[in-house]
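Note: the block below is coords.cif and it holds mmCIF, C-alpha atoms.
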```cif
data_upload
#
loop_
_atom_site.label_atom_id
_atom_site.label_comp_id
_atom_site.auth_asym_id
_atom_site.auth_seq_id
_atom_site.Cartn_x
_atom_site.Cartn_y
_atom_site.Cartn_z
CA MET A 1 75.68 103.48 78.83
CA THR A 2 77.78 101.16 76.73
CA PRO A 3 79.38 98.21 78.53
CA ARG A 4 82.74 99.90 78.06
CA ALA A 5 81.49 103.14 79.64
CA ARG A 6 79.98 101.19 82.51
CA ALA A 7 83.25 99.39 83.12
CA GLU A 8 85.12 102.71 83.14
CA GLU A 9 82.52 104.18 85.48
CA ALA A 10 82.91 101.19 87.80
CA LEU A 11 86.68 101.64 87.90
CA ARG A 12 86.23 105.31 88.62
CA ARG A 13 83.81 104.61 91.49
CA ILE A 14 86.16 102.00 92.91
CA GLU A 15 89.07 104.44 92.90
CA GLU A 16 86.91 107.08 94.56
CA ARG A 17 85.66 104.76 97.32
CA ILE A 18 89.16 103.43 98.00
CA GLY A 19 90.33 107.02 98.37
CA ALA A 20 87.55 107.73 100.87
CA LEU A 21 88.30 104.58 102.89
CA ASP A 22 92.02 105.26 102.88
CA ALA A 23 91.41 108.70 104.33
CA LEU A 24 89.72 107.18 107.38
CA PRO A 25 91.84 106.33 110.40
CA GLU A 26 92.31 102.61 111.03
CA SER A 27 88.96 101.28 112.13
CA ARG A 28 86.90 98.12 112.28
CA GLY A 29 84.77 99.40 109.41
CA ARG A 30 87.74 99.85 107.18
CA ASP A 31 89.16 96.46 108.17
CA ALA A 32 85.81 94.83 107.48
CA ALA A 33 85.65 96.48 104.06
CA ARG A 34 89.14 95.29 103.29
CA GLU A 35 88.40 91.72 104.37
CA LEU A 36 85.17 91.56 102.41
CA LEU A 37 86.86 92.90 99.29
CA GLU A 38 89.66 90.40 99.67
CA ALA A 39 87.22 87.50 99.93
CA VAL A 40 85.14 88.64 96.94
CA LEU A 41 88.25 89.19 94.83
CA ASP A 42 89.61 85.79 95.84
CA LEU A 43 86.40 84.14 94.72
CA HIS A 44 86.42 85.86 91.36
CA GLY A 45 90.16 85.43 90.91
CA LEU A 46 89.94 81.67 91.38
CA ALA A 47 87.06 81.43 88.91
CA LEU A 48 88.86 83.57 86.36
CA ALA A 49 91.98 81.42 86.68
CA ARG A 50 89.81 78.36 85.98
CA ILE A 51 88.23 80.07 82.98
CA LEU A 52 91.64 80.85 81.55
CA GLY A 53 92.73 77.28 82.25
CA ILE A 54 89.72 75.93 80.34
CA ALA A 55 90.43 78.34 77.48
CA ALA A 56 94.04 77.18 77.38
CA THR A 57 93.01 73.56 76.80
CA SER A 58 90.51 74.50 74.11
CA GLY A 59 93.04 74.50 71.31
CA HIS A 60 92.42 78.19 70.64
CA GLY A 61 94.23 79.31 73.79
CA GLU A 62 96.79 81.59 72.17
CA ALA A 63 94.27 83.57 70.10
CA LEU A 64 91.84 83.77 73.00
CA PHE A 65 94.48 85.11 75.36
CA ASP A 66 95.58 87.71 72.87
CA ALA A 67 91.98 88.84 72.45
CA MET A 68 91.37 88.92 76.21
CA GLY A 69 94.58 90.74 76.98
CA SER A 70 93.86 93.45 74.46
CA ASP A 71 90.22 93.93 75.37
CA GLU A 72 90.12 97.05 77.55
CA GLN A 73 87.37 95.86 79.85
CA VAL A 74 88.72 92.37 80.35
CA ALA A 75 92.38 93.41 80.67
CA ALA A 76 91.70 95.60 83.72
CA VAL A 77 90.15 92.71 85.65
CA LEU A 78 92.85 90.26 84.57
CA LEU A 79 95.47 92.74 85.77
CA LEU A 80 93.61 93.15 89.03
CA HIS A 81 93.99 89.45 89.66
CA GLY A 82 97.48 89.10 88.27
CA LEU A 83 96.11 86.90 85.48
CA HIS A 84 97.03 88.92 82.43
CA PRO A 85 98.34 86.54 79.76
CA LYS A 86 101.28 88.81 79.00
CA MET A 87 103.96 88.81 81.73
CA PRO A 88 104.55 92.12 83.54
CA GLU A 89 108.08 92.26 82.19
CA ALA A 90 106.90 92.14 78.58
CA ARG A 91 104.30 94.83 79.23
CA VAL A 92 106.77 97.08 81.03
CA ARG A 93 109.31 96.73 78.22
CA GLU A 94 106.63 97.62 75.66
CA ALA A 95 105.67 100.69 77.68
CA LEU A 96 109.30 101.79 78.02
CA LYS A 97 109.84 101.30 74.30
CA ALA A 98 106.89 103.59 73.55
CA LEU A 99 108.32 106.14 75.98
CA ALA A 100 111.88 106.04 74.61
CA PRO A 101 111.52 108.70 71.86
CA SER A 102 110.11 111.36 74.21
CA LEU A 103 112.80 110.58 76.78
CA ARG A 104 115.53 110.75 74.18
CA ALA A 105 114.26 114.20 73.24
CA GLU A 106 115.15 115.21 76.84
CA GLY A 107 118.52 113.47 76.56
CA ALA A 108 117.35 110.79 78.93
CA GLU A 109 117.24 107.00 78.83
CA VAL A 110 115.46 104.45 80.99
CA SER A 111 116.12 100.74 81.32
CA LEU A 112 114.41 97.94 83.18
CA LEU A 113 116.91 96.18 85.43
CA GLU A 114 114.67 93.43 86.82
CA ILE A 115 111.25 92.59 88.16
CA ARG A 116 111.39 90.60 91.37
CA ASP A 117 108.96 90.04 94.24
CA GLY A 118 106.45 92.44 92.68
CA VAL A 119 109.03 95.24 92.45
CA ALA A 120 110.19 96.67 89.14
CA ARG A 121 113.68 98.15 89.35
CA LEU A 122 114.63 100.68 86.71
CA ARG A 123 117.51 102.98 85.95
CA LEU A 124 116.90 106.46 84.59
CA VAL A 125 119.94 108.19 83.13
CA ALA A 126 119.44 111.92 82.58
CA PRO A 127 122.86 113.56 82.42
CA GLY A 128 122.83 117.19 83.43
CA ALA A 129 119.05 117.38 83.80
CA ALA A 130 117.57 119.86 86.30
CA ARG A 131 115.75 118.49 89.34
CA GLU A 132 112.30 119.54 88.09
CA ALA A 133 112.90 117.96 84.69
CA VAL A 134 113.98 114.71 86.35
CA ALA A 135 110.86 114.76 88.54
CA ILE A 136 108.68 115.14 85.45
CA LEU A 137 110.47 112.31 83.66
CA ARG A 138 110.14 110.08 86.70
CA ARG A 139 106.39 110.82 86.89
CA GLU A 140 105.97 110.03 83.17
CA ILE A 141 107.75 106.71 83.55
CA GLU A 142 105.80 105.73 86.66
CA GLU A 143 102.46 106.52 85.02
CA ALA A 144 103.36 104.54 81.92
CA ILE A 145 104.38 101.55 84.02
CA ILE A 146 101.31 101.73 86.28
CA GLU A 147 99.16 101.77 83.15
CA ALA A 148 100.93 98.81 81.58
CA ALA A 149 101.48 96.82 84.77
CA PRO A 150 99.18 97.83 87.64
CA ASP A 151 99.74 94.32 88.93
CA LEU A 152 103.18 95.33 90.13
CA ASP A 153 103.52 96.24 93.81
CA GLU A 154 106.22 98.84 93.52
CA ILE A 155 108.31 100.82 91.09
CA ALA A 156 111.86 101.66 92.18
CA ILE A 157 113.72 104.03 89.89
CA ARG A 158 117.41 104.71 90.38
CA ILE A 159 118.21 108.11 88.95
CA GLU A 160 121.62 108.95 87.53
CA VAL A 161 122.21 112.59 86.67
CA GLY A 162 125.89 112.66 85.81
CA ASN A 163 127.85 112.30 89.05
CA ALA A 164 124.99 112.30 91.54
CA GLN A 165 122.90 109.22 92.12
CA ALA A 166 119.67 108.98 94.04
CA VAL A 167 117.54 105.99 94.83
CA ALA A 168 113.88 106.89 94.56
CA ALA A 169 111.04 104.46 95.16
CA ALA A 170 107.55 105.27 93.97
CA MET B 1 94.30 109.28 86.85
CA THR B 2 95.11 106.54 84.37
CA ALA B 3 92.59 103.89 83.33
CA HIS B 4 94.42 101.36 85.48
CA SER B 5 95.11 103.48 88.53
CA ALA B 6 91.93 102.03 90.06
CA VAL B 7 93.44 98.56 89.70
CA THR B 8 96.62 99.62 91.48
CA LYS B 9 94.71 101.30 94.29
CA LEU B 10 92.39 98.37 94.77
CA ARG B 11 95.28 95.91 94.91
CA GLN B 12 97.11 98.08 97.44
CA PHE B 13 94.01 98.57 99.57
CA VAL B 14 93.30 94.84 99.76
CA ALA B 15 96.93 93.95 100.45
CA GLY B 16 96.94 96.31 103.40
CA PRO B 17 100.08 97.99 104.68
CA VAL B 18 103.10 96.10 103.40
CA GLU B 19 106.41 96.98 104.89
CA ARG B 20 109.45 96.78 102.67
CA CYS B 21 113.17 97.02 103.33
CA ASP B 22 114.07 100.69 102.98
CA PHE B 23 117.23 99.72 101.11
CA CYS B 24 116.32 96.92 98.70
CA ARG B 25 112.49 96.98 98.85
CA ALA B 26 112.24 93.28 99.74
CA ARG B 27 109.00 92.47 101.58
CA LEU B 28 109.44 92.33 105.35
CA ALA B 29 107.85 90.06 107.93
CA ASP B 30 105.95 91.65 110.82
CA TRP B 31 109.03 91.34 112.94
CA HIS B 32 112.06 92.80 111.18
CA SER B 33 115.26 94.68 111.93
CA HIS B 34 115.44 98.41 112.44
CA LEU B 35 118.41 100.66 111.91
CA VAL B 36 118.88 104.27 112.94
CA GLU B 37 120.40 106.58 110.32
CA THR B 38 122.65 108.50 112.69
CA GLU B 39 123.05 111.80 110.87
CA ASN B 40 119.34 112.65 111.00
CA LEU B 41 118.12 110.26 113.70
CA ARG B 42 115.78 108.49 111.34
CA LEU B 43 114.47 104.99 111.80
CA VAL B 44 114.66 102.68 108.80
CA CYS B 45 113.36 99.16 108.29
CA ALA B 46 115.78 96.57 106.94
CA CYS B 47 115.88 92.97 105.83
CA ALA B 48 118.53 90.80 107.46
CA GLY B 49 120.94 91.17 104.56
CA CYS B 50 120.76 94.94 104.33
CA ALA B 51 120.86 95.27 108.12
CA ALA B 52 124.21 93.47 108.13
CA GLU B 53 125.58 95.32 105.11
CA MET B 54 124.52 98.81 106.13
CA THR B 55 125.92 98.59 109.66
CA GLU B 56 129.43 97.87 108.45
CA GLU B 57 132.31 100.12 109.45
CA GLY B 58 132.11 103.64 108.12
CA LEU B 59 128.40 103.71 107.23
CA PRO B 60 126.04 106.03 109.14
CA TYR B 61 123.68 103.34 110.40
CA ARG B 62 123.40 101.59 113.74
CA ARG B 63 121.39 98.49 114.47
CA VAL B 64 118.55 98.91 116.98
CA GLU B 65 118.48 96.24 119.66
CA PRO B 66 114.94 96.03 121.04
CA ARG B 67 114.85 97.20 124.62
CA GLN B 68 112.27 98.36 127.11
CA GLU B 69 113.15 98.87 130.71
CA ALA B 70 111.01 100.61 133.33
CA LEU B 71 113.23 102.82 135.51
CA GLU B 72 111.29 102.73 138.73
CA ALA B 73 113.69 104.63 140.95
CA PHE B 74 114.67 107.16 138.29
CA ALA B 75 113.29 110.65 138.58
CA LEU B 76 114.08 113.58 136.33
CA ALA B 77 113.75 116.69 138.50
CA ASP B 78 111.13 119.25 137.49
CA ALA B 79 113.76 121.95 137.12
CA ASP B 80 115.80 119.76 134.77
CA TRP B 81 112.73 118.98 132.68
CA ALA B 82 111.91 122.68 132.44
CA MET B 83 115.45 123.34 131.21
CA LEU B 84 114.85 121.08 128.25
CA GLY B 85 112.13 123.40 127.02
CA ILE B 86 109.91 120.61 125.63
CA PRO B 87 106.47 122.05 124.84
CA ILE B 88 104.51 118.90 125.70
CA ASP B 89 104.56 116.41 128.53
CA LEU B 90 106.51 113.65 126.83
CA ALA B 91 109.93 113.36 125.21
CA PHE B 92 112.70 110.97 124.26
CA LEU B 93 116.25 111.97 125.20
CA PHE B 94 118.84 110.45 122.92
CA ARG B 95 122.56 110.15 123.53
CA PRO B 96 124.34 111.71 120.56
CA GLU B 97 127.17 110.26 118.49
CA ALA B 98 130.61 111.60 119.40
CA GLY B 99 130.83 115.21 118.24
CA ALA B 100 127.14 115.48 117.37
CA ALA B 101 124.55 117.73 119.01
CA PRO B 102 122.34 116.15 121.67
CA VAL B 103 118.72 115.77 120.55
CA ALA B 104 115.40 115.37 122.29
CA LEU B 105 112.51 114.03 120.24
CA PHE B 106 108.89 114.69 121.06
CA PRO B 107 105.62 113.88 119.30
CA GLY B 108 103.74 116.45 117.24
CA PRO B 109 101.27 116.75 114.37
CA ALA B 110 104.02 116.17 111.82
CA GLY B 111 105.53 113.18 113.60
CA ALA B 112 108.71 113.36 115.66
CA THR B 113 109.98 116.89 116.32
CA ARG B 114 113.68 117.22 117.02
CA SER B 115 114.86 119.67 119.61
CA HIS B 116 118.59 120.28 119.85
CA LEU B 117 120.01 120.68 123.33
CA SER B 118 123.08 122.70 124.15
CA GLU B 119 126.30 120.87 125.01
CA ALA B 120 126.27 122.60 128.40
CA VAL B 121 122.78 121.36 129.23
CA TRP B 122 123.61 117.84 128.09
CA THR B 123 126.87 117.68 130.01
CA GLY B 124 125.10 118.89 133.15
CA LEU B 125 122.39 116.29 132.71
CA THR B 126 124.77 113.36 132.16
CA ARG B 127 126.72 114.37 135.24
CA LYS B 128 123.57 114.34 137.33
CA TYR B 129 121.97 111.32 135.62
CA PRO B 130 124.77 108.90 134.63
CA LEU B 131 122.21 106.70 132.84
CA LEU B 132 122.14 109.19 129.98
CA GLY B 133 125.81 108.53 129.32
CA GLU B 134 125.14 104.80 129.34
CA LEU B 135 122.55 104.86 126.55
CA GLU B 136 123.62 103.38 123.23
CA PRO B 137 124.24 106.37 120.93
CA SER B 138 121.34 107.09 118.54
CA THR B 139 119.56 103.81 119.14
CA GLU B 140 118.38 104.17 122.73
CA ALA B 141 116.51 106.89 124.56
CA LEU B 142 115.30 107.93 127.96
CA LEU B 143 111.52 108.17 127.63
CA VAL B 144 110.08 110.75 129.99
CA ASN B 145 106.29 110.77 130.32
CA ARG B 146 104.84 113.50 132.51
CA SER B 147 101.33 113.59 131.04
CA GLY B 148 98.37 113.51 133.42
CA GLY B 149 100.64 114.17 136.37
CA ARG B 150 102.61 110.98 135.85
CA ARG B 151 106.34 110.62 136.25
CA ASP B 152 107.20 107.60 134.08
CA HIS B 153 110.74 106.94 132.95
CA TYR B 154 111.79 104.17 130.60
CA ARG B 155 114.95 103.19 128.85
CA VAL B 156 113.74 102.16 125.40
CA SER B 157 115.17 101.33 122.02
CA ALA B 158 114.62 103.91 119.27
CA ASP B 159 111.83 101.98 117.57
CA HIS B 160 109.56 102.77 120.51
CA CYS B 161 110.16 106.47 120.00
CA PHE B 162 109.09 106.34 116.36
CA ALA B 163 106.21 103.94 117.00
CA LEU B 164 104.82 106.27 119.66
CA THR B 165 105.30 109.48 117.69
CA GLY B 166 103.73 107.76 114.67
CA LEU B 167 100.72 106.78 116.76
CA MET B 168 100.24 110.34 117.94
CA ARG B 169 100.72 111.86 114.51
CA LYS B 170 97.76 109.91 113.15
CA ARG B 171 95.50 111.14 115.95
CA TRP B 172 96.86 114.61 116.61
CA ARG B 173 94.21 117.36 116.79
CA GLY B 174 94.72 121.02 117.48
CA LEU B 175 97.65 122.55 119.30
CA GLY B 176 97.98 120.18 122.23
CA GLY B 177 97.26 116.87 120.52
CA GLY B 178 93.76 116.23 121.78
CA GLU B 179 92.19 113.43 123.80
CA GLU B 180 92.50 110.70 121.20
CA ALA B 181 96.25 111.21 120.77
CA TRP B 182 96.98 111.20 124.49
CA ALA B 183 94.72 108.20 125.03
CA ALA B 184 96.89 106.39 122.49
CA ILE B 185 99.96 107.37 124.51
CA ASP B 186 98.37 106.08 127.70
CA ALA B 187 97.65 102.78 126.02
CA TYR B 188 101.18 102.50 124.65
CA ILE B 189 102.79 103.31 128.00
CA ALA B 190 100.42 100.94 129.81
CA ASP B 191 101.58 98.22 127.46
CA LEU B 192 105.21 99.19 128.11
CA ALA B 193 104.56 99.04 131.84
CA GLN B 194 103.20 95.51 131.52
CA THR B 195 105.92 94.13 129.27
CA SER B 196 109.09 95.94 130.36
CA SER B 197 111.86 94.59 132.52
CA ARG B 198 112.36 96.62 135.65
CA ARG B 199 115.35 98.54 136.97
CA THR B 200 114.98 99.56 140.56
CA ALA B 201 118.48 100.84 141.26
CA ARG B 202 118.80 104.58 141.76
CA HIS B 203 120.37 106.72 139.07
CA ALA B 204 120.17 110.18 140.49
#
```

Please lay out the structure from this file as structure tokens.
Amino acid sequence: MTPRARAEEALRRIEERIGALDALPESRGRDAARELLEAVLDLHGLALARILGIAATSGHGEALFDAMGSDEQVAAVLLLHGLHPKMPEARVREALKALAPSLRAEGAEVSLLEIRDGVARLRLVAPGAAREAVAILRREIEEAIIEAAPDLDEIAIRIEVGNAQAVAAA
Amino acid sequence: MTAHSAVTKLRQFVAGPVERCDFCRARLADWHSHLVETENLRLVCACAGCAAEMTEEGLPYRRVEPRQEALEAFALADADWAMLGIPIDLAFLFRPEAGAAPVALFPGPAGATRSHLSEAVWTGLTRKYPLLGELEPSTEALLVNRSGGRRDHYRVSADHCFALTGLMRKRWRGLGGGEEAWAAIDAYIADLAQTSSRRTARHA
């Protein structure tokens, strides 16, 4: 298996195991797993932050960060620790920009209002769109944002369909 | 499943359950305000700012003041309980808003089940048990626990109702709830018994 495939496999196994643990009722086992994970991630997060700090003082910081941020394998771990060199706002805006043409085709428009306290607040304007269409659009936007900024805690999309307004949090 | 959905899930798992204000999504401390949305008798969590804003005149929210009082001399007669038609041995009787239908809430596999009572039944009950008319509308309830042959009665704030029904929902098995669910109730009520203030005056 290539390193890239192994990294993807690891992510897949992690997601699967989290799903299995989440399905359990609250228990000491689950709490222990959570605490252990937290400690291991803390350890690695601190070391990674140091590594980035050392890279920053090397004189090649900018280029290094660009390379790290765009490397698929590395980016996932940086995002996990909230250490990605590109701020969540910049990544979300990029993702929304890429999404804009397909939204416009549905007569819809999305804008990022703010990112605060780990919550991204967005406004989706879809005048006259049917409920199912709006649900699909919302899903598309959420997936794009999760992909670009999984280091966010929550995505809150305010939907405006002409006169009606609904607040929907992911 | 996106490439980064594992990252999101891992972050959420490690962070544990994080409660957020139901209005503005600000992170909440362990102790935070609760409001009842009066039209549907739903409990919502709120930060201090939203709690103040959303309970202003004209909005359908009431602030929940924490309360737990053991009613030691209170006894709901068996015949009156039967009239309520609650299918299990525990329920919360709420006082409705003016003009609204009286509601009893009881735990079930899907959470809190709402059972509407007729005006006639409610009026009869409040005449016989004046306490019911003294409850704060929507935010307080008479907790009646008759499980295991007990006759416990408490005056509690609404958050207890939703905490208890939430507890049971997670553990509910089969038609009647199962041992684990009722054991959770016993534990909750035991805790209430220990920590509640006591009212010994008669209400019947």

Could you tell me how far CA of Leu79 (chain A) sits from CA of Ile54 (chain A), in Å to one decimal place?
18.6 Å

Excluding Phe162 (chain B) and its own-chain neighbours fewer than 6 positions away, which residues fall within 9 Å of it when counting all atoms listed in the file? Please give them as a PyMOL selection string.
chain B and resi 42-43+107+111-112

Within 8 Å of Ala141 (chain B) using all atoms listed in the file, minus same-chain residues under 6 positions, as a PyMOL selection string:
chain B and resi 92-95+135+155-158+161

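This file, queried with the PyMOL selection byres ((chain B and resi 153) around 6), gives the residues Leu71, Leu143, Val144, Asp152 and Tyr154 of chain B.
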
Looking at only C-alpha atoms, which of B:Leu28, B:Ala75, B:Ala46, B:Leu117 is the one that sits closest to chain A?
B:Leu28

Distance in Å - CA of Cys45 (chain B) versus CA of Glu19 (chain B):
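These two atoms are separated by 8.0 Å.
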
Result set of the PyMOL selection byres ((chain B and resi 176-178) around 10) on the coordinates above, as a count of residues only
18

How would region 154-166 of chain B read, as a short mmCIF file (atom, residue, chain, number, x, y, z; two decimals), keeping the file's coordinate frame, once N, CA and C atoms are built in?
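Now in rebuild-v8.cif:
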```cif
data_model
loop_
_atom_site.label_atom_id
_atom_site.label_comp_id
_atom_site.auth_asym_id
_atom_site.auth_seq_id
_atom_site.Cartn_x
_atom_site.Cartn_y
_atom_site.Cartn_z
N TYR B 154 111.43 105.45 131.21
CA TYR B 154 111.79 104.17 130.60
C TYR B 154 113.07 104.33 129.82
N ARG B 155 113.82 103.25 129.78
CA ARG B 155 114.95 103.19 128.85
C ARG B 155 114.47 102.31 127.70
N VAL B 156 114.31 102.91 126.53
CA VAL B 156 113.74 102.16 125.40
C VAL B 156 114.61 102.27 124.16
N SER B 157 114.48 101.27 123.31
CA SER B 157 115.17 101.33 122.02
C SER B 157 114.42 102.33 121.13
N ALA B 158 115.12 102.83 120.13
CA ALA B 158 114.62 103.91 119.27
C ALA B 158 113.31 103.57 118.57
N ASP B 159 113.06 102.31 118.29
CA ASP B 159 111.83 101.98 117.57
C ASP B 159 110.59 102.37 118.37
N HIS B 160 110.70 102.34 119.69
CA HIS B 160 109.56 102.77 120.51
C HIS B 160 109.27 104.24 120.32
N CYS B 161 110.33 105.03 120.21
CA CYS B 161 110.16 106.47 120.00
C CYS B 161 109.36 106.72 118.73
N PHE B 162 109.75 106.06 117.64
CA PHE B 162 109.09 106.34 116.36
C PHE B 162 107.71 105.68 116.28
N ALA B 163 107.54 104.56 116.96
CA ALA B 163 106.21 103.94 117.00
C ALA B 163 105.24 104.88 117.73
N LEU B 164 105.68 105.42 118.85
CA LEU B 164 104.82 106.27 119.66
C LEU B 164 104.53 107.60 118.95
N THR B 165 105.55 108.21 118.38
CA THR B 165 105.30 109.48 117.69
C THR B 165 104.42 109.24 116.46
N GLY B 166 104.58 108.10 115.82
CA GLY B 166 103.73 107.76 114.67
C GLY B 166 102.27 107.61 115.09
#
```
